[in-house]
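Okay, structure first, notes after.
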Amino acid sequence: MKTDEIIIRVGGAAGDGVQSAGFIIAKTFSRSGLHANTYNYYQSLIRGGQSWYQVRASDKKVRSQGDGLDILIALNKDALERHTNPEINEGGASPLDPDGVAIFDKSISGFKAGKGNYLAMPLSDIANKYSKNALMRNTVAIGAAMAAININFDVLASVIRDQFGSKGEVAEQNVKAAKEGYDYYLANFKKLSVNLKTSDKKYYLMAGGEAIGLGAVRGGLKMYIAYPMTPASSALDFLADHQKEYGILVKVPEDEISAINMAIGANYAGVRAMTGSSGGGFSLMVEALGMAGMVEVPLVVYESQRAGPSTGLPTKTEQGDLNLVLGASQGDFPRVVLTPRNVEEAFYFVGKALNIAEKYQMPVIVMSDLSLSEHYETIEHLDLSYKMERGKIATPDMKNYKRYEFTEDGISYRAIPGTPGLMHNEDSDEHDEYGAVVSDAVTDPEIRRKSMIKRMKKLETYMKEIPPTPTYRFDDAEYAVIQWGSTQGVVEEATDILRDKGLKVGVVEINHAFPLNPDIGKLLAGKKKVVVVEGNYTGQLNNRIRAEFLVKTQLVTKFNGESFYPGELAEEIESVLKR
């Protein structure tokens, strides 16, 4: 067990309050001046099955769910066995640390013991003193877990009161139950040998979906139109909960086709609007995406990946949609694909996407995945300032207005409907500079050629403003590891492990998946080996890296629905490097 961090897992069935308990723990850590990072494992069942929620905390920045498990709060027999015995462990998650403890109700019996210390507590007996609600035993167990690592009880009490909001009596019952669990642990068991450096610092605790929603509001969003689909729904939920507060309209239409078309219509009218979905819903949007490209209307789509194909694993993560996003809709047209690496970057990248979409009048797709969308992490500071860039907006004094004028940068002046003197035609068919269709009676191949060149020039112009590709421990690196999106933290931790073994590994972190920055080729030049880490089967980014930069790469993938773990990933990368 590491002495400067703690990993706690709450395990049980859907309906047992697993997520609520985990969130209370994470919030208690963030209010204790500790960084936290969570991992949410759940099924599509409303009740039953197996679920668990993991929280890792330290006074240092926590970049992933980590390895191992120090405290298990087991709410049923299945969780007790599953998370303490390696032989039945699933998903690559490490079982209970030999020095860790498992806290469970004394009524649980007949399980097969694994490693660690088993602490049977009268969780239900204590809870029944204050309420007949069986979920209160979770609160008792949380109190015990906080006692085991010497967290100030008053901080936990404040979180519980906030969690139950206006339910004053219920909140106080839970506080009393937690206190009795806290005191029972101290009277009967030893504290764990960890030294968490708590403080009065307070951090934001934010999930990826919330960051997408809040970042969009910061970016001037006025409409969000989306049909619910896990895991993109977390952004929809956040915006729906706060639409009155932020002065935006949230609309849930009949399907994803309607959602994207409504977003296109709103943007055409001059309103900043976006839509979002997971891979299945995005698949329904692709025809309209092409229309946005042809009509040159700004559009931002939030695409949060889950395991496919089809319904796939609805509540599990994967990075399997890159090919879909890059090839969505027929024909060639410009698009930008942003892949934020963490919750904080998701917050900033949505505002960036909204500006790019308007400035270049083209679709911008912000890609996330279930792991990033639904996990919480602490953030020290958020810059709420924002400069809106609306691009080239036509004015009434313009003579002989050409909506699709052929320009050097590929960007024409966009007229907001209703602006005097700027009547024009917008059509999903190929058109000339005025918007007149060129393929009704006679096709004009020269206009088609010029129009295509004009649209595609936008990418050439945009590439001039792509920021340098981020790297980690790369200055003296002999080996390069490439990652994209949400795998940033776990790849960086795996790199630290390999560095401690003497392997000079550095990371190239791709948060602009398309177009790729040409500087990537320079970063990879001269490296002994290049390893690409992806959460999919075929190595979708790997194939693009090979094709675009003509570099030989090795591939490390994971596609079982679960995130990478630092230790296992370090072993896989090391194995590849030593071949």
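Going by the structure tokens order, chains are called A, B, ..., each with residues numbered from 1, while ligands are numbered from 1 in the order shown.
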Just want the 10 Å neighbourhood of region 454-466 of chain A, counted on only C-alpha atoms, with same-chain residues fewer than 5 positions away dropped. Output as a PyMOL selection string. chain A and resi 293-294+296+332-336+356+359-362+404-412+448-449+512+514-518
Restrict the selected residues to N, CA and C atoms and save them as a PDB file, in the first residue's frame.
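The resulting file, result-v9.pdb, is reproduced below:
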ATOM      1  N   GLY A 293     -21.633  20.539 -44.060  1.00  0.00           N
ATOM      2  CA  GLY A 293     -20.400  20.773 -44.802  1.00  0.00           C
ATOM      3  C   GLY A 293     -20.638  21.444 -46.132  1.00  0.00           C
ATOM      4  N   MET A 294     -21.685  21.039 -46.843  1.00  0.00           N
ATOM      5  CA  MET A 294     -21.990  21.618 -48.149  1.00  0.00           C
ATOM      6  C   MET A 294     -22.530  23.045 -48.030  1.00  0.00           C
ATOM      7  N   GLU A 296     -22.081  24.973 -45.558  1.00  0.00           N
ATOM      8  CA  GLU A 296     -21.082  25.759 -44.818  1.00  0.00           C
ATOM      9  C   GLU A 296     -21.710  26.488 -43.635  1.00  0.00           C
ATOM     10  N   ASP A 332     -16.062  14.523 -49.943  1.00  0.00           N
ATOM     11  CA  ASP A 332     -15.020  15.249 -49.215  1.00  0.00           C
ATOM     12  C   ASP A 332     -15.547  16.606 -48.767  1.00  0.00           C
ATOM     13  N   PHE A 333     -15.362  16.896 -47.507  1.00  0.00           N
ATOM     14  CA  PHE A 333     -15.642  18.244 -47.004  1.00  0.00           C
ATOM     15  C   PHE A 333     -14.818  18.436 -45.723  1.00  0.00           C
ATOM     16  N   PRO A 334     -14.496  19.667 -45.386  1.00  0.00           N
ATOM     17  CA  PRO A 334     -13.620  19.900 -44.241  1.00  0.00           C
ATOM     18  C   PRO A 334     -14.347  19.702 -42.919  1.00  0.00           C
ATOM     19  N   ARG A 335     -13.625  19.189 -41.962  1.00  0.00           N
ATOM     20  CA  ARG A 335     -14.120  19.051 -40.597  1.00  0.00           C
ATOM     21  C   ARG A 335     -12.920  19.083 -39.668  1.00  0.00           C
ATOM     22  N   VAL A 336     -13.151  19.382 -38.416  1.00  0.00           N
ATOM     23  CA  VAL A 336     -12.111  19.337 -37.397  1.00  0.00           C
ATOM     24  C   VAL A 336     -12.567  18.385 -36.300  1.00  0.00           C
ATOM     25  N   ILE A 356     -14.151  27.697 -33.631  1.00  0.00           N
ATOM     26  CA  ILE A 356     -13.663  27.145 -34.903  1.00  0.00           C
ATOM     27  C   ILE A 356     -14.819  26.956 -35.873  1.00  0.00           C
ATOM     28  N   LYS A 359     -15.886  30.412 -37.128  1.00  0.00           N
ATOM     29  CA  LYS A 359     -14.824  31.089 -37.878  1.00  0.00           C
ATOM     30  C   LYS A 359     -14.622  30.459 -39.249  1.00  0.00           C
ATOM     31  N   TYR A 360     -14.692  29.124 -39.310  1.00  0.00           N
ATOM     32  CA  TYR A 360     -14.431  28.407 -40.561  1.00  0.00           C
ATOM     33  C   TYR A 360     -15.696  27.888 -41.234  1.00  0.00           C
ATOM     34  N   GLN A 361     -16.853  28.077 -40.592  1.00  0.00           N
ATOM     35  CA  GLN A 361     -18.130  27.666 -41.174  1.00  0.00           C
ATOM     36  C   GLN A 361     -18.101  26.198 -41.616  1.00  0.00           C
ATOM     37  N   MET A 362     -17.839  25.321 -40.641  1.00  0.00           N
ATOM     38  CA  MET A 362     -17.757  23.892 -40.937  1.00  0.00           C
ATOM     39  C   MET A 362     -18.026  23.089 -39.663  1.00  0.00           C
ATOM     40  N   TYR A 404     -21.069  32.322 -51.252  1.00  0.00           N
ATOM     41  CA  TYR A 404     -19.973  31.347 -51.340  1.00  0.00           C
ATOM     42  C   TYR A 404     -18.828  31.873 -52.199  1.00  0.00           C
ATOM     43  N   GLU A 405     -18.503  33.114 -51.990  1.00  0.00           N
ATOM     44  CA  GLU A 405     -17.448  33.739 -52.786  1.00  0.00           C
ATOM     45  C   GLU A 405     -16.139  32.952 -52.676  1.00  0.00           C
ATOM     46  N   PHE A 406     -15.478  32.754 -53.808  1.00  0.00           N
ATOM     47  CA  PHE A 406     -14.204  32.040 -53.830  1.00  0.00           C
ATOM     48  C   PHE A 406     -13.122  32.953 -53.234  1.00  0.00           C
ATOM     49  N   THR A 407     -12.564  32.546 -52.100  1.00  0.00           N
ATOM     50  CA  THR A 407     -11.584  33.368 -51.383  1.00  0.00           C
ATOM     51  C   THR A 407     -10.288  32.602 -51.206  1.00  0.00           C
ATOM     52  N   GLU A 408      -9.236  33.324 -50.859  1.00  0.00           N
ATOM     53  CA  GLU A 408      -7.920  32.704 -50.688  1.00  0.00           C
ATOM     54  C   GLU A 408      -7.896  31.754 -49.492  1.00  0.00           C
ATOM     55  N   ASP A 409      -8.605  32.117 -48.417  1.00  0.00           N
ATOM     56  CA  ASP A 409      -8.596  31.266 -47.223  1.00  0.00           C
ATOM     57  C   ASP A 409      -9.740  30.256 -47.215  1.00  0.00           C
ATOM     58  N   GLY A 410     -10.603  30.286 -48.236  1.00  0.00           N
ATOM     59  CA  GLY A 410     -11.707  29.342 -48.323  1.00  0.00           C
ATOM     60  C   GLY A 410     -12.935  29.746 -47.532  1.00  0.00           C
ATOM     61  N   ILE A 411     -12.876  30.895 -46.856  1.00  0.00           N
ATOM     62  CA  ILE A 411     -13.977  31.320 -45.993  1.00  0.00           C
ATOM     63  C   ILE A 411     -14.684  32.513 -46.632  1.00  0.00           C
ATOM     64  N   SER A 412     -15.981  32.397 -46.807  1.00  0.00           N
ATOM     65  CA  SER A 412     -16.784  33.471 -47.378  1.00  0.00           C
ATOM     66  C   SER A 412     -17.544  34.191 -46.259  1.00  0.00           C
ATOM     67  N   ARG A 448     -17.974  23.222 -59.985  1.00  0.00           N
ATOM     68  CA  ARG A 448     -17.805  22.155 -58.979  1.00  0.00           C
ATOM     69  C   ARG A 448     -16.359  22.090 -58.506  1.00  0.00           C
ATOM     70  N   ARG A 449     -15.428  22.151 -59.440  1.00  0.00           N
ATOM     71  CA  ARG A 449     -14.006  22.078 -59.078  1.00  0.00           C
ATOM     72  C   ARG A 449     -13.622  23.250 -58.179  1.00  0.00           C
ATOM     73  N   HIS A 512      -5.728  16.822 -31.034  1.00  0.00           N
ATOM     74  CA  HIS A 512      -6.294  17.255 -32.313  1.00  0.00           C
ATOM     75  C   HIS A 512      -6.183  16.066 -33.269  1.00  0.00           C
ATOM     76  N   PHE A 514      -7.892  15.387 -36.002  1.00  0.00           N
ATOM     77  CA  PHE A 514      -7.956  15.725 -37.424  1.00  0.00           C
ATOM     78  C   PHE A 514      -8.205  17.214 -37.577  1.00  0.00           C
ATOM     79  N   PRO A 515      -7.426  17.880 -38.418  1.00  0.00           N
ATOM     80  CA  PRO A 515      -6.248  17.321 -39.086  1.00  0.00           C
ATOM     81  C   PRO A 515      -5.096  17.152 -38.090  1.00  0.00           C
ATOM     82  N   LEU A 516      -4.229  16.169 -38.350  1.00  0.00           N
ATOM     83  CA  LEU A 516      -3.080  15.936 -37.486  1.00  0.00           C
ATOM     84  C   LEU A 516      -2.034  17.021 -37.706  1.00  0.00           C
ATOM     85  N   ASN A 517      -1.438  17.456 -36.619  1.00  0.00           N
ATOM     86  CA  ASN A 517      -0.395  18.470 -36.712  1.00  0.00           C
ATOM     87  C   ASN A 517       0.859  17.859 -37.351  1.00  0.00           C
ATOM     88  N   PRO A 518       1.425  18.504 -38.375  1.00  0.00           N
ATOM     89  CA  PRO A 518       2.649  17.974 -39.004  1.00  0.00           C
ATOM     90  C   PRO A 518       3.825  17.825 -38.051  1.00  0.00           C
TER      91      PRO A 518
END
Which polymer residues have any atom within 12 Å of an atom of region 156-169 of chain A, counting only C-alpha atoms, with same-chain residues fewer than 5 positions away left out, as a ChimeraX atom specification? /A:20-32,130-131,136,138-140,142-147,150-151,174-180,182
Please produce an output containing N, CA and C atoms for each residue in the selection, written as a short mmCIF file (atom, residue, chain, number, x, y, z; two decimals), in the first residue's frame.
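Output contents, as saved in part-v9.cif:
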data_model
loop_
_atom_site.label_atom_id
_atom_site.label_comp_id
_atom_site.auth_asym_id
_atom_site.auth_seq_id
_atom_site.Cartn_x
_atom_site.Cartn_y
_atom_site.Cartn_z
N SER A 20 -23.87 6.83 -5.44
CA SER A 20 -24.04 7.91 -4.46
C SER A 20 -22.99 7.84 -3.37
N ALA A 21 -22.72 6.61 -2.91
CA ALA A 21 -21.70 6.43 -1.87
C ALA A 21 -20.33 6.84 -2.38
N GLY A 22 -20.01 6.41 -3.60
CA GLY A 22 -18.71 6.78 -4.17
C GLY A 22 -18.55 8.27 -4.36
N PHE A 23 -19.64 8.94 -4.77
CA PHE A 23 -19.57 10.38 -4.98
C PHE A 23 -19.39 11.12 -3.67
N ILE A 24 -20.02 10.65 -2.61
CA ILE A 24 -19.83 11.27 -1.29
C ILE A 24 -18.37 11.17 -0.87
N ILE A 25 -17.76 10.01 -1.10
CA ILE A 25 -16.35 9.82 -0.76
C ILE A 25 -15.47 10.77 -1.56
N ALA A 26 -15.71 10.85 -2.88
CA ALA A 26 -14.90 11.73 -3.73
C ALA A 26 -15.03 13.19 -3.30
N LYS A 27 -16.25 13.59 -2.98
CA LYS A 27 -16.48 14.98 -2.58
C LYS A 27 -15.82 15.27 -1.23
N THR A 28 -15.82 14.30 -0.36
CA THR A 28 -15.15 14.48 0.93
C THR A 28 -13.65 14.69 0.74
N PHE A 29 -13.07 13.94 -0.17
CA PHE A 29 -11.64 14.11 -0.46
C PHE A 29 -11.37 15.50 -1.05
N SER A 30 -12.19 15.93 -1.99
CA SER A 30 -11.93 17.22 -2.64
C SER A 30 -12.05 18.37 -1.64
N ARG A 31 -12.93 18.21 -0.65
CA ARG A 31 -13.09 19.26 0.37
C ARG A 31 -12.05 19.15 1.47
N SER A 32 -11.27 18.08 1.43
CA SER A 32 -10.18 17.90 2.40
C SER A 32 -8.84 18.33 1.82
N TYR A 130 -31.50 4.70 12.95
CA TYR A 130 -31.84 6.04 12.45
C TYR A 130 -32.85 6.01 11.30
N SER A 131 -32.98 4.90 10.61
CA SER A 131 -33.89 4.84 9.48
C SER A 131 -34.13 3.38 9.09
N MET A 136 -29.00 3.35 4.21
CA MET A 136 -28.24 4.11 5.20
C MET A 136 -27.02 3.33 5.70
N ASN A 138 -24.84 2.22 3.85
CA ASN A 138 -23.74 2.77 3.06
C ASN A 138 -23.09 3.93 3.79
N THR A 139 -23.91 4.79 4.38
CA THR A 139 -23.41 5.95 5.10
C THR A 139 -22.58 5.51 6.30
N VAL A 140 -23.03 4.48 6.99
CA VAL A 140 -22.27 3.94 8.12
C VAL A 140 -20.90 3.45 7.65
N ILE A 142 -19.25 4.37 4.96
CA ILE A 142 -18.42 5.51 4.55
C ILE A 142 -17.77 6.15 5.77
N GLY A 143 -18.55 6.30 6.85
CA GLY A 143 -17.98 6.84 8.09
C GLY A 143 -16.81 6.00 8.57
N ALA A 144 -16.97 4.68 8.52
CA ALA A 144 -15.89 3.78 8.94
C ALA A 144 -14.66 3.94 8.06
N ALA A 145 -14.87 4.03 6.74
CA ALA A 145 -13.74 4.17 5.81
C ALA A 145 -12.98 5.47 6.04
N MET A 146 -13.70 6.55 6.33
CA MET A 146 -13.03 7.83 6.59
C MET A 146 -12.25 7.79 7.91
N ALA A 147 -12.76 7.05 8.87
CA ALA A 147 -12.02 6.88 10.13
C ALA A 147 -10.73 6.11 9.90
N ASN A 150 -8.20 8.53 8.70
CA ASN A 150 -8.04 9.75 9.49
C ASN A 150 -8.53 11.01 8.78
N ILE A 151 -9.63 10.92 8.08
CA ILE A 151 -10.25 12.10 7.48
C ILE A 151 -11.15 12.77 8.51
N ASN A 174 -28.47 10.68 8.58
CA ASN A 174 -27.30 10.11 7.91
C ASN A 174 -26.00 10.57 8.57
N VAL A 175 -25.95 11.81 8.99
CA VAL A 175 -24.75 12.30 9.68
C VAL A 175 -24.53 11.50 10.97
N LYS A 176 -25.60 11.27 11.72
CA LYS A 176 -25.46 10.50 12.96
C LYS A 176 -25.04 9.06 12.68
N ALA A 177 -25.59 8.46 11.63
CA ALA A 177 -25.23 7.09 11.28
C ALA A 177 -23.76 7.02 10.86
N ALA A 178 -23.32 8.00 10.08
CA ALA A 178 -21.91 8.04 9.66
C ALA A 178 -20.99 8.21 10.86
N LYS A 179 -21.40 9.05 11.80
CA LYS A 179 -20.57 9.28 13.00
C LYS A 179 -20.44 8.01 13.83
N GLU A 180 -21.53 7.26 13.94
CA GLU A 180 -21.46 6.02 14.71
C GLU A 180 -20.56 5.00 13.99
N TYR A 182 -18.07 5.81 12.08
CA TYR A 182 -16.73 6.39 12.27
C TYR A 182 -16.17 5.99 13.63
#
So that I can see what lies close to Leu322 (chain A), please list as an MDAnalysis selection string the residues with an atom at most 7 Å from it, counting only C-alpha atoms and leaving out residues fewer than 3 positions away in the same chain. chainID A and resid 325:326 540
Kindly indicate which residue among A:Thr469, A:Ser304, A:Ser563, A:Thr84 lies nearest to Pro228 (chain A), using only C-alpha atoms for the distances. A:Ser304
Shell of 8 Å around Ala288 (chain A), only C-alpha atoms, local chain residues under 5 positions omitted, as a list in words: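 Contacts, with the query itself left out: Ile257, Ile260, Asn261 and Ser329 of chain A.
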Keeping only C-alpha atoms, write the selected residues as a PDB file, in the first residue's frame.
ATOM      1  CA  ILE A 257     -31.771  13.067 -37.039  1.00  0.00           C
ATOM      2  CA  ILE A 260     -28.702  17.609 -35.710  1.00  0.00           C
ATOM      3  CA  ASN A 261     -31.021  19.253 -38.238  1.00  0.00           C
ATOM      4  CA  SER A 329     -21.206  11.380 -44.588  1.00  0.00           C
TER       5      SER A 329
END
Any idea what's packed within 10 Å of Ala436 (chain A), counting only C-alpha atoms, ignoring anything in its chain fewer than 5 positions away? Could you give it as a PyMOL selection string? chain A and resi 404+424-427+429-431
Based on the selection just made, write C-alpha atoms of those residues as an mmCIF file, in the first residue's frame.
data_model
loop_
_atom_site.group_PDB
_atom_site.id
_atom_site.type_symbol
_atom_site.label_atom_id
_atom_site.label_comp_id
_atom_site.auth_asym_id
_atom_site.auth_seq_id
_atom_site.Cartn_x
_atom_site.Cartn_y
_atom_site.Cartn_z
ATOM 1 C CA TYR A 404 -19.973 31.347 -51.340
ATOM 2 C CA HIS A 424 -29.202 34.524 -50.992
ATOM 3 C CA ASN A 425 -29.803 30.865 -51.668
ATOM 4 C CA GLU A 426 -28.596 28.005 -49.403
ATOM 5 C CA ASP A 427 -28.811 24.537 -50.908
ATOM 6 C CA ASP A 429 -26.786 20.626 -53.885
ATOM 7 C CA GLU A 430 -23.515 21.880 -55.309
ATOM 8 C CA HIS A 431 -23.782 25.593 -56.039
#
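Our summary of the geometry notes that CA of Phe559 (chain A) is positioned 11.5 Å from CA of Gly312 (chain A).
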Quick one: residues within 8 Å of Asp78 (chain A), only C-alpha atoms counted, chain neighbours fewer than 4 positions away excluded, as a PDB file with C-alpha atoms, in the first residue's frame?
ATOM      1  CA  GLY A  12     -22.726  -3.812  -4.835  1.00  0.00           C
ATOM      2  CA  GLN A  50     -22.746  -5.950 -10.311  1.00  0.00           C
ATOM      3  CA  ARG A  82     -15.290 -10.370  -6.620  1.00  0.00           C
TER       4      ARG A  82
END
Among the residues of region 243-444 of chain A, find those DSSP assigns to strand (DSSP E) from the backbone and print them as a PyMOL selection string. chain A and resi 249-251+273-277+299-305+336-338+363-369+376-379
Using DSSP on the backbone, list every residue of region 243-296 of chain A that comes out as alpha helix (DSSP H), and give them as a PyMOL selection string. chain A and resi 243-246+256-268+279-295
Per residue of region 302-352 of chain A within 12 Å of region 564-573 of chain A, what are the shortest atom pair and its distance in Å to one decimal, counting only C-alpha atoms, with rows by chain and residue number, as JSON lines?
{"residue": "A:Thr317", "atom": "CA", "partner": "A:Phe564", "partner_atom": "CA", "distance": 10.4}
{"residue": "A:Glu318", "atom": "CA", "partner": "A:Phe564", "partner_atom": "CA", "distance": 10.5}
{"residue": "A:Gln319", "atom": "CA", "partner": "A:Phe564", "partner_atom": "CA", "distance": 11.8}
CA of Asp67 (chain A) and CA of Arg579 (chain A) are how many Å apart?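 Taking CA of Asp67 (chain A) and CA of Arg579 (chain A), their separation equals 25.2 Å.
Near Gly220 (chain A), within 9 Å and counting only C-alpha atoms, sit Arg272, Ala273, Gly351, Leu354, Tyr386 and Met388 of chain A, not including residues fewer than 6 positions from it in the same chain.
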Those same residues - C-alpha atoms - I'd like them written as a PDB file, in the first residue's frame.
ATOM      1  CA  ARG A 272     -24.837  29.224 -31.220  1.00  0.00           C
ATOM      2  CA  ALA A 273     -26.208  25.708 -30.988  1.00  0.00           C
ATOM      3  CA  GLY A 351     -15.480  26.755 -26.368  1.00  0.00           C
ATOM      4  CA  LEU A 354     -17.649  26.684 -31.065  1.00  0.00           C
ATOM      5  CA  TYR A 386     -13.807  33.778 -23.120  1.00  0.00           C
ATOM      6  CA  MET A 388     -16.135  34.758 -28.888  1.00  0.00           C
TER       7      MET A 388
END
Given the choices A:Gly270, A:Gly489, A:Glu509, A:Tyr227, which gets closest to Pro253 (chain A) if the distance is worked out from only C-alpha atoms?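 Among the listed residues, the smallest separation from Pro253 (chain A) belongs to A:Tyr227.
Straight-line separation from CA of Asn128 (chain A) to CA of Gly181 (chain A): 12.4 Å.
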Smallest atom-to-atom distance to Ser107 (chain A): which of A:Pro340, A:Gly213, A:Gly11, A:Pro122, using only C-alpha atoms?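 Smallest distance to Ser107 (chain A) is found for A:Pro122.
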From the list A:Pro468, A:Pro98, A:Gly320, A:Gly215, which residue is nearest Glu534 (chain A) when using only C-alpha atoms? A:Gly320
